[in-house]
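What follows is a single structure, written as structure tokens, with notes after it.
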Amino acid sequence: TGVADRQQVRELERSSERPGQARPACLAHPSQQISVGELRTDMIQPPSTNISTKILHSSRWNPFFKDCIGAIDGTHVLARVPAANKAAFLGRKHTTTQNVLAAVDFDLRFTYVLAGWEGSAHDALILADAIERNDGLSVPQGKYYLVDAGYACKPGFLPPFRATRYHLREFGTRRPQTPKELFNLRHSSLRVTVERAFGALKNRFKILYNKPFHPYKTQVKLVLACCILHNWILRHGHDEHVPSEGSWTANPVDEEGTGDSSTDNASWAALRVQMAEQMWAARGSNKA
């Protein structure tokens, strides 16, 4: 079960430190060390509740997504764990990984990161854990994140319609033929922000592609350190490792999804239908 697997992770983290030798993960020269925890507070901050300029200046997204503050997804990072824990950490590609949940704003900055869950854990389970933590993910009243079809449609989290065509084009061939298809197309083109952020993270920090040799607790902190550095780079300039928006398409597995519509919140599901119908009615005037 998820609870049992999570207990394994906690035991694994404790076993990675010898008594009396535990030290916080630090960056920089020993004489100027700053712990990851200290930097996290400064560099990974909640998103603004103001409408994103990316949304504001596009009639494809505004006003439909005006209350959206970012996108959430999970990504897998290679992990090394004891043989006894290997089964719980086997991810989609049958290698041992940790499943990292992250929220990203539309400037590609990480606004929340939860690393350390085993690779076999479902993204929705990790999201539930992030929400339940005392210092966890918080969604301001009336705002929401875009998520993929594996998550439930509920207050604060808006996935695309399931069992609906994706990889369409708004203009030219393969145009959307229904309000749901148009909604999914625009949802995908905005949600891809989080996938581009993960792409930039792994393009720059190749260590995330390599099998680690650190204790597991350090592996978890290493992911967080890379996210902190990613945000620092964006704060102070342009990151050439960010994939261009025009060249990036959403993962079809994420768009198709395996979520169960029975877990959707009825009022939010109805809100999604209303948004789709409004988009469809206004589609002729959307040029941006």
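Residues in the structure tokens are numbered from 1 in each chain, the chains being A, B, ... in the order shown, and ligands are numbered from 1 in the order shown.
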Could you go through segment 53-246 of chain A and tell me which residues DSSP, when run on the backbone, assigns to alpha helix (DSSP H), listing them as number ranges by chain? A: 53-56, 86-89, 123-132, 179-204, 216-235
List as CSV every residue of segment 112-145 of chain A that is in contact with segment 207-218 of chain A, defined as an atom at most 12 Å from one of its atoms (using only C-alpha atoms), together with the nearest atom pair and the distance in Å rounded to one decimal, sorted by chain and then rising number.
residue,atom,partner,partner_atom,distance
A:Ala115,CA,A:Lys217,CA,10.0
A:Gly116,CA,A:Lys217,CA,7.9
A:Trp117,CA,A:Tyr216,CA,10.9
A:Glu118,CA,A:Tyr216,CA,10.9
